Amino acid sequence: MTSPTDPDCLFCKIAAGDIPATIVHESETTVAFRDLNPQAPTHVLVIPRSHYPNAATLAQGEPATAAHLFDAAREIAALEGIDGPDGGYRMVFNTGAAAHQTVFHAHLHVLGGRLMTWPPG
């Protein structure tokens with residue numbers, strides 16, 4: 001069973017306000033902040049306030065909160081001006097070390113403001 005928060009987790013500490021971050025959106029279940037190593041002009045991380053190590057465990061444990069991450073991403077895209085017909089944005093979950101997940105707290109990357117290439121690699 002996953003605990004609601006992890007006292008050693010960087011993202012739990014950001015969600016609690018114990019570590020500063022550039023917060024761009026908050027809700028009852030989510031917090032979104034700018035990535036410290038942006039890969040696009042807009043690069044925001046959307047996290048659940050509760051601790052789950054990855055997107056799969058979040059979806060299993062709190063499916064409604066997993067959906068809230070997507071709601072927040074849509075709102076952030078609108079606020080950042082990357083949701084229009086000439087824009088576009090990418091939403092990415094990295095799950096596991098082989099997928100380059102470096103913080104083991106579920107988080108959704110919202111990237112935009114530049115042309116995205118495929119494959120993303």
# chains A, B, ... in the order shown; residues from 1 in each chain; ligands from 1
>>> residues_around(residues="range 44-51 of chain A", least_positions_apart="6", cutoff="6 Å", atoms="only C-alpha atoms", output="PyMOL selection string")
chain A and resi 4-5+15+29-35+105+107-110
>>> write_last_selection(atoms="N, CA, C and O atoms", output="short mmCIF file (atom, residue, chain, number, x, y, z; two decimals), in the first residue's frame")
data_model
loop_
_atom_site.label_atom_id
_atom_site.label_comp_id
_atom_site.auth_asym_id
_atom_site.auth_seq_id
_atom_site.Cartn_x
_atom_site.Cartn_y
_atom_site.Cartn_z
N PRO A 4 0.19 8.27 1.51
CA PRO A 4 -0.24 9.49 0.85
C PRO A 4 0.91 10.44 0.53
O PRO A 4 0.88 11.13 -0.46
N THR A 5 1.94 10.47 1.38
CA THR A 5 3.12 11.28 1.11
C THR A 5 4.35 10.52 1.58
O THR A 5 4.27 9.60 2.37
N ALA A 15 5.18 19.87 -3.15
CA ALA A 15 3.72 19.94 -3.00
C ALA A 15 3.32 20.50 -1.64
O ALA A 15 2.33 21.23 -1.53
N THR A 29 -5.91 18.46 -5.76
CA THR A 29 -5.20 17.19 -5.92
C THR A 29 -3.88 17.30 -6.67
O THR A 29 -3.12 16.32 -6.70
N THR A 30 -3.59 18.46 -7.29
CA THR A 30 -2.39 18.58 -8.12
C THR A 30 -1.62 19.86 -7.83
O THR A 30 -2.17 20.84 -7.32
N VAL A 31 -0.34 19.83 -8.19
CA VAL A 31 0.53 21.00 -8.17
C VAL A 31 1.33 20.96 -9.46
O VAL A 31 1.78 19.88 -9.88
N ALA A 32 1.50 22.11 -10.10
CA ALA A 32 2.29 22.17 -11.33
C ALA A 32 3.33 23.27 -11.19
O ALA A 32 3.05 24.36 -10.70
N PHE A 33 4.55 22.95 -11.64
CA PHE A 33 5.66 23.89 -11.51
C PHE A 33 6.60 23.74 -12.69
O PHE A 33 6.62 22.72 -13.37
N ARG A 34 7.38 24.78 -12.93
CA ARG A 34 8.32 24.78 -14.05
C ARG A 34 9.48 23.83 -13.78
O ARG A 34 10.00 23.76 -12.68
N ASP A 35 9.86 23.10 -14.82
CA ASP A 35 10.99 22.18 -14.73
C ASP A 35 12.29 22.98 -14.62
O ASP A 35 12.45 24.00 -15.29
N HIS A 105 8.18 9.95 -8.14
CA HIS A 105 6.87 10.47 -7.73
C HIS A 105 6.19 10.74 -9.07
O HIS A 105 6.76 11.43 -9.92
N HIS A 107 4.67 12.04 -12.27
CA HIS A 107 4.61 13.41 -12.79
C HIS A 107 4.42 13.40 -14.29
O HIS A 107 4.93 12.54 -14.99
N LEU A 108 3.65 14.36 -14.74
CA LEU A 108 3.32 14.53 -16.15
C LEU A 108 4.08 15.75 -16.66
O LEU A 108 3.95 16.85 -16.11
N HIS A 109 4.90 15.56 -17.69
CA HIS A 109 5.59 16.67 -18.34
C HIS A 109 4.65 17.30 -19.36
O HIS A 109 4.05 16.60 -20.17
N VAL A 110 4.53 18.62 -19.33
CA VAL A 110 3.80 19.37 -20.34
C VAL A 110 4.84 20.20 -21.07
O VAL A 110 5.49 21.06 -20.48
#
>>> residues_around(residues="Ile19 in chain A", least_positions_apart="5", cutoff="12 Å", atoms="only C-alpha atoms", output="PyMOL selection string")
chain A and resi 8-14+33
>>> write_last_selection(atoms="N, CA, C and O atoms", output="PDB file, in the first residue's frame")
ATOM      1  N   ASP A   8      10.683  11.738   2.381  1.00  0.00           N
ATOM      2  CA  ASP A   8      11.979  11.868   1.717  1.00  0.00           C
ATOM      3  C   ASP A   8      11.859  12.255   0.240  1.00  0.00           C
ATOM      4  O   ASP A   8      12.867  12.413  -0.443  1.00  0.00           O
ATOM      5  N   CYS A   9      10.650  12.415  -0.261  1.00  0.00           N
ATOM      6  CA  CYS A   9      10.422  12.669  -1.690  1.00  0.00           C
ATOM      7  C   CYS A   9      10.498  14.160  -2.008  1.00  0.00           C
ATOM      8  O   CYS A   9       9.794  14.979  -1.412  1.00  0.00           O
ATOM      9  N   LEU A  10      11.341  14.507  -2.981  1.00  0.00           N
ATOM     10  CA  LEU A  10      11.494  15.892  -3.426  1.00  0.00           C
ATOM     11  C   LEU A  10      10.155  16.497  -3.850  1.00  0.00           C
ATOM     12  O   LEU A  10       9.810  17.610  -3.447  1.00  0.00           O
ATOM     13  N   PHE A  11       9.382  15.774  -4.655  1.00  0.00           N
ATOM     14  CA  PHE A  11       8.128  16.335  -5.154  1.00  0.00           C
ATOM     15  C   PHE A  11       7.082  16.437  -4.050  1.00  0.00           C
ATOM     16  O   PHE A  11       6.261  17.361  -4.058  1.00  0.00           O
ATOM     17  N   CYS A  12       7.077  15.520  -3.087  1.00  0.00           N
ATOM     18  CA  CYS A  12       6.174  15.666  -1.937  1.00  0.00           C
ATOM     19  C   CYS A  12       6.506  16.938  -1.174  1.00  0.00           C
ATOM     20  O   CYS A  12       5.607  17.656  -0.717  1.00  0.00           O
ATOM     21  N   LYS A  13       7.796  17.236  -1.041  1.00  0.00           N
ATOM     22  CA  LYS A  13       8.219  18.450  -0.338  1.00  0.00           C
ATOM     23  C   LYS A  13       7.822  19.701  -1.108  1.00  0.00           C
ATOM     24  O   LYS A  13       7.424  20.705  -0.505  1.00  0.00           O
ATOM     25  N   ILE A  14       7.891  19.657  -2.445  1.00  0.00           N
ATOM     26  CA  ILE A  14       7.430  20.796  -3.251  1.00  0.00           C
ATOM     27  C   ILE A  14       5.926  20.963  -3.082  1.00  0.00           C
ATOM     28  O   ILE A  14       5.433  22.081  -2.871  1.00  0.00           O
ATOM     29  N   PHE A  33       4.546  22.955 -11.639  1.00  0.00           N
ATOM     30  CA  PHE A  33       5.658  23.891 -11.506  1.00  0.00           C
ATOM     31  C   PHE A  33       6.600  23.744 -12.688  1.00  0.00           C
ATOM     32  O   PHE A  33       6.619  22.718 -13.370  1.00  0.00           O
TER      33      PHE A  33
END
>>> residues_around(residues="range 77-92 of chain A", least_positions_apart="2", cutoff="8 Å", atoms="only C-alpha atoms", output="PDB file with N, CA and C atoms, in the first residue's frame")
ATOM      1  N   THR A  42       8.100  25.992 -22.964  1.00  0.00           N
ATOM      2  CA  THR A  42       7.191  25.650 -21.868  1.00  0.00           C
ATOM      3  C   THR A  42       7.507  24.228 -21.456  1.00  0.00           C
ATOM      4  N   ALA A  73      -3.057  19.859 -17.038  1.00  0.00           N
ATOM      5  CA  ALA A  73      -2.239  20.077 -18.238  1.00  0.00           C
ATOM      6  C   ALA A  73      -2.979  20.918 -19.271  1.00  0.00           C
ATOM      7  N   ARG A  74      -4.262  20.637 -19.458  1.00  0.00           N
ATOM      8  CA  ARG A  74      -5.069  21.418 -20.406  1.00  0.00           C
ATOM      9  C   ARG A  74      -5.138  22.875 -19.974  1.00  0.00           C
ATOM     10  N   GLU A  75      -5.348  23.110 -18.681  1.00  0.00           N
ATOM     11  CA  GLU A  75      -5.420  24.483 -18.171  1.00  0.00           C
ATOM     12  C   GLU A  75      -4.075  25.191 -18.307  1.00  0.00           C
ATOM     13  N   ASN A  94       7.255   9.519 -17.880  1.00  0.00           N
ATOM     14  CA  ASN A  94       8.365   8.574 -17.909  1.00  0.00           C
ATOM     15  C   ASN A  94       8.150   7.635 -16.729  1.00  0.00           C
ATOM     16  N   LEU A 108       3.647  14.358 -14.736  1.00  0.00           N
ATOM     17  CA  LEU A 108       3.322  14.535 -16.145  1.00  0.00           C
ATOM     18  C   LEU A 108       4.082  15.751 -16.657  1.00  0.00           C
ATOM     19  N   HIS A 109       4.900  15.561 -17.694  1.00  0.00           N
ATOM     20  CA  HIS A 109       5.594  16.671 -18.340  1.00  0.00           C
ATOM     21  C   HIS A 109       4.649  17.299 -19.360  1.00  0.00           C
ATOM     22  N   VAL A 110       4.529  18.620 -19.327  1.00  0.00           N
ATOM     23  CA  VAL A 110       3.798  19.367 -20.342  1.00  0.00           C
ATOM     24  C   VAL A 110       4.840  20.197 -21.075  1.00  0.00           C
ATOM     25  N   LEU A 111       5.029  19.895 -22.359  1.00  0.00           N
ATOM     26  CA  LEU A 111       6.061  20.560 -23.158  1.00  0.00           C
ATOM     27  C   LEU A 111       5.422  21.238 -24.361  1.00  0.00           C
ATOM     28  N   GLY A 112       5.866  22.448 -24.656  1.00  0.00           N
ATOM     29  CA  GLY A 112       5.350  23.148 -25.819  1.00  0.00           C
ATOM     30  C   GLY A 112       6.159  24.395 -26.109  1.00  0.00           C
ATOM     31  N   GLY A 113       5.714  25.121 -27.126  1.00  0.00           N
ATOM     32  CA  GLY A 113       6.399  26.352 -27.498  1.00  0.00           C
ATOM     33  C   GLY A 113       7.477  26.154 -28.548  1.00  0.00           C
ATOM     34  N   MET A 116       7.738  19.842 -31.984  1.00  0.00           N
ATOM     35  CA  MET A 116       8.102  18.571 -31.383  1.00  0.00           C
ATOM     36  C   MET A 116       8.404  17.579 -32.510  1.00  0.00           C
TER      37      MET A 116
END
>>> select_by_dssp(residues="chain A", states="alpha helix (DSSP H)", output="PyMOL selection string")
chain A and resi 10-16+55-61+63-80
>>> atom_distance(atom1="CA of Thr102 in chain A", atom2="CA of His43 in chain A")
15.8 Å
>>> atom_distance(atom1="CA of Pro53 in chain A", atom2="CA of His68 in chain A")
16.8 Å
>>> atom_distance(atom1="CA of Leu115 in chain A", atom2="CA of Ala59 in chain A")
29.3 Å
>>> closest_residue(among="A:Thr65, A:Ser27, A:Thr22, A:Gln39", to="Pro120 in chain A", atoms="only C-alpha atoms")
A:Gln39
>>> select_by_dssp(residues="chain A", states="strand (DSSP E)", output="list in words")
Ile23, Val24, His25, Glu26, Thr30, Val31, Ala32, Phe33, Arg34, Thr42, His43, Val44, Leu45, Val46, Ile47, Pro48, Tyr89, Arg90, Met91, Val92, Leu108, His109, Val110, Leu111 and Gly112 of chain A
>>> closest_residue(among="A:Ala98, A:Val103, A:Tyr52, A:Ile76", to="Asp6 in chain A", atoms="only C-alpha atoms")
A:Tyr52
>>> closest_residue(among="A:Ala72, A:Ala67, A:Ala55, A:Ala40", to="Thr95 in chain A", atoms="only C-alpha atoms")
A:Ala55
>>> decode(residues="range 17-117 of chain A", atoms="C-alpha atoms", output="mmCIF file, in the first residue's frame")
data_model
loop_
_atom_site.group_PDB
_atom_site.id
_atom_site.type_symbol
_atom_site.label_atom_id
_atom_site.label_comp_id
_atom_site.auth_asym_id
_atom_site.auth_seq_id
_atom_site.Cartn_x
_atom_site.Cartn_y
_atom_site.Cartn_z
ATOM 1 C CA GLY A 17 5.557 24.024 0.148
ATOM 2 C CA ASP A 18 8.686 22.923 2.000
ATOM 3 C CA ILE A 19 10.928 23.348 -1.065
ATOM 4 C CA PRO A 20 10.447 26.364 -3.340
ATOM 5 C CA ALA A 21 9.393 25.964 -6.956
ATOM 6 C CA THR A 22 7.881 28.205 -9.601
ATOM 7 C CA ILE A 23 4.269 27.102 -9.193
ATOM 8 C CA VAL A 24 2.086 27.769 -12.225
ATOM 9 C CA HIS A 25 -1.089 25.902 -11.236
ATOM 10 C CA GLU A 26 -2.597 24.285 -8.147
ATOM 11 C CA SER A 27 -5.734 22.355 -7.362
ATOM 12 C CA GLU A 28 -6.924 20.266 -4.462
ATOM 13 C CA THR A 29 -5.198 17.192 -5.916
ATOM 14 C CA THR A 30 -2.393 18.578 -8.120
ATOM 15 C CA VAL A 31 0.528 21.000 -8.170
ATOM 16 C CA ALA A 32 2.286 22.171 -11.325
ATOM 17 C CA PHE A 33 5.658 23.891 -11.506
ATOM 18 C CA ARG A 34 8.320 24.782 -14.046
ATOM 19 C CA ASP A 35 10.993 22.175 -14.733
ATOM 20 C CA LEU A 36 14.470 23.228 -13.578
ATOM 21 C CA ASN A 37 15.993 21.735 -16.746
ATOM 22 C CA PRO A 38 13.470 22.719 -19.440
ATOM 23 C CA GLN A 39 13.478 20.844 -22.720
ATOM 24 C CA ALA A 40 11.118 23.310 -24.416
ATOM 25 C CA PRO A 41 10.116 26.963 -23.918
ATOM 26 C CA THR A 42 7.191 25.650 -21.868
ATOM 27 C CA HIS A 43 8.148 22.712 -19.673
ATOM 28 C CA VAL A 44 5.922 22.221 -16.663
ATOM 29 C CA LEU A 45 5.669 19.223 -14.357
ATOM 30 C CA VAL A 46 2.210 18.326 -13.048
ATOM 31 C CA ILE A 47 2.259 16.146 -9.933
ATOM 32 C CA PRO A 48 -0.366 14.638 -7.683
ATOM 33 C CA ARG A 49 -0.254 15.884 -4.099
ATOM 34 C CA SER A 50 -0.338 12.241 -3.007
ATOM 35 C CA HIS A 51 2.738 10.078 -3.444
ATOM 36 C CA TYR A 52 2.793 7.328 -6.023
ATOM 37 C CA PRO A 53 6.106 6.269 -7.564
ATOM 38 C CA ASN A 54 4.873 6.375 -11.168
ATOM 39 C CA ALA A 55 1.872 6.955 -13.412
ATOM 40 C CA ALA A 56 0.822 3.295 -13.406
ATOM 41 C CA THR A 57 0.590 3.101 -9.628
ATOM 42 C CA LEU A 58 -1.217 6.448 -9.513
ATOM 43 C CA ALA A 59 -3.783 5.256 -12.074
ATOM 44 C CA GLN A 60 -4.358 2.109 -10.026
ATOM 45 C CA GLY A 61 -4.487 3.823 -6.632
ATOM 46 C CA GLU A 62 -6.252 7.087 -7.453
ATOM 47 C CA PRO A 63 -7.712 7.016 -10.971
ATOM 48 C CA ALA A 64 -9.595 10.295 -10.461
ATOM 49 C CA THR A 65 -6.372 12.060 -9.446
ATOM 50 C CA ALA A 66 -4.632 10.642 -12.520
ATOM 51 C CA ALA A 67 -7.365 12.260 -14.630
ATOM 52 C CA HIS A 68 -6.867 15.530 -12.748
ATOM 53 C CA LEU A 69 -3.283 15.667 -14.039
ATOM 54 C CA PHE A 70 -4.676 15.853 -17.571
ATOM 55 C CA ASP A 71 -7.203 18.527 -16.570
ATOM 56 C CA ALA A 72 -4.350 20.575 -15.095
ATOM 57 C CA ALA A 73 -2.239 20.077 -18.238
ATOM 58 C CA ARG A 74 -5.069 21.418 -20.406
ATOM 59 C CA GLU A 75 -5.420 24.483 -18.171
ATOM 60 C CA ILE A 76 -1.661 25.077 -18.178
ATOM 61 C CA ALA A 77 -1.518 24.813 -21.982
ATOM 62 C CA ALA A 78 -4.223 27.473 -22.205
ATOM 63 C CA LEU A 79 -2.445 29.734 -19.695
ATOM 64 C CA GLU A 80 0.854 29.321 -21.569
ATOM 65 C CA GLY A 81 -0.793 30.005 -24.942
ATOM 66 C CA ILE A 82 0.287 26.700 -26.481
ATOM 67 C CA ASP A 83 -3.172 25.193 -26.960
ATOM 68 C CA GLY A 84 -4.304 27.085 -30.053
ATOM 69 C CA PRO A 85 -4.673 25.805 -33.608
ATOM 70 C CA ASP A 86 -1.153 26.969 -34.521
ATOM 71 C CA GLY A 87 0.373 25.616 -31.319
ATOM 72 C CA GLY A 88 0.347 22.254 -29.735
ATOM 73 C CA TYR A 89 1.910 20.548 -26.784
ATOM 74 C CA ARG A 90 3.140 17.180 -25.675
ATOM 75 C CA MET A 91 2.264 15.365 -22.447
ATOM 76 C CA VAL A 92 4.744 12.722 -21.286
ATOM 77 C CA PHE A 93 5.001 10.274 -18.392
ATOM 78 C CA ASN A 94 8.365 8.574 -17.909
ATOM 79 C CA THR A 95 7.810 5.374 -15.947
ATOM 80 C CA GLY A 96 10.884 3.624 -14.587
ATOM 81 C CA ALA A 97 14.608 4.275 -14.727
ATOM 82 C CA ALA A 98 14.963 2.843 -18.261
ATOM 83 C CA ALA A 99 12.445 5.466 -19.436
ATOM 84 C CA HIS A 100 14.558 8.181 -17.754
ATOM 85 C CA GLN A 101 12.309 8.723 -14.759
ATOM 86 C CA THR A 102 14.628 10.397 -12.252
ATOM 87 C CA VAL A 103 12.197 11.393 -9.491
ATOM 88 C CA PHE A 104 10.044 8.500 -8.379
ATOM 89 C CA HIS A 105 6.872 10.469 -7.735
ATOM 90 C CA ALA A 106 4.355 10.328 -10.588
ATOM 91 C CA HIS A 107 4.615 13.409 -12.787
ATOM 92 C CA LEU A 108 3.322 14.535 -16.145
ATOM 93 C CA HIS A 109 5.594 16.671 -18.340
ATOM 94 C CA VAL A 110 3.798 19.367 -20.342
ATOM 95 C CA LEU A 111 6.061 20.560 -23.158
ATOM 96 C CA GLY A 112 5.350 23.148 -25.819
ATOM 97 C CA GLY A 113 6.399 26.352 -27.498
ATOM 98 C CA ARG A 114 8.530 24.645 -30.130
ATOM 99 C CA LEU A 115 8.132 22.055 -32.864
ATOM 100 C CA MET A 116 8.102 18.571 -31.383
ATOM 101 C CA THR A 117 9.851 15.879 -33.404
#
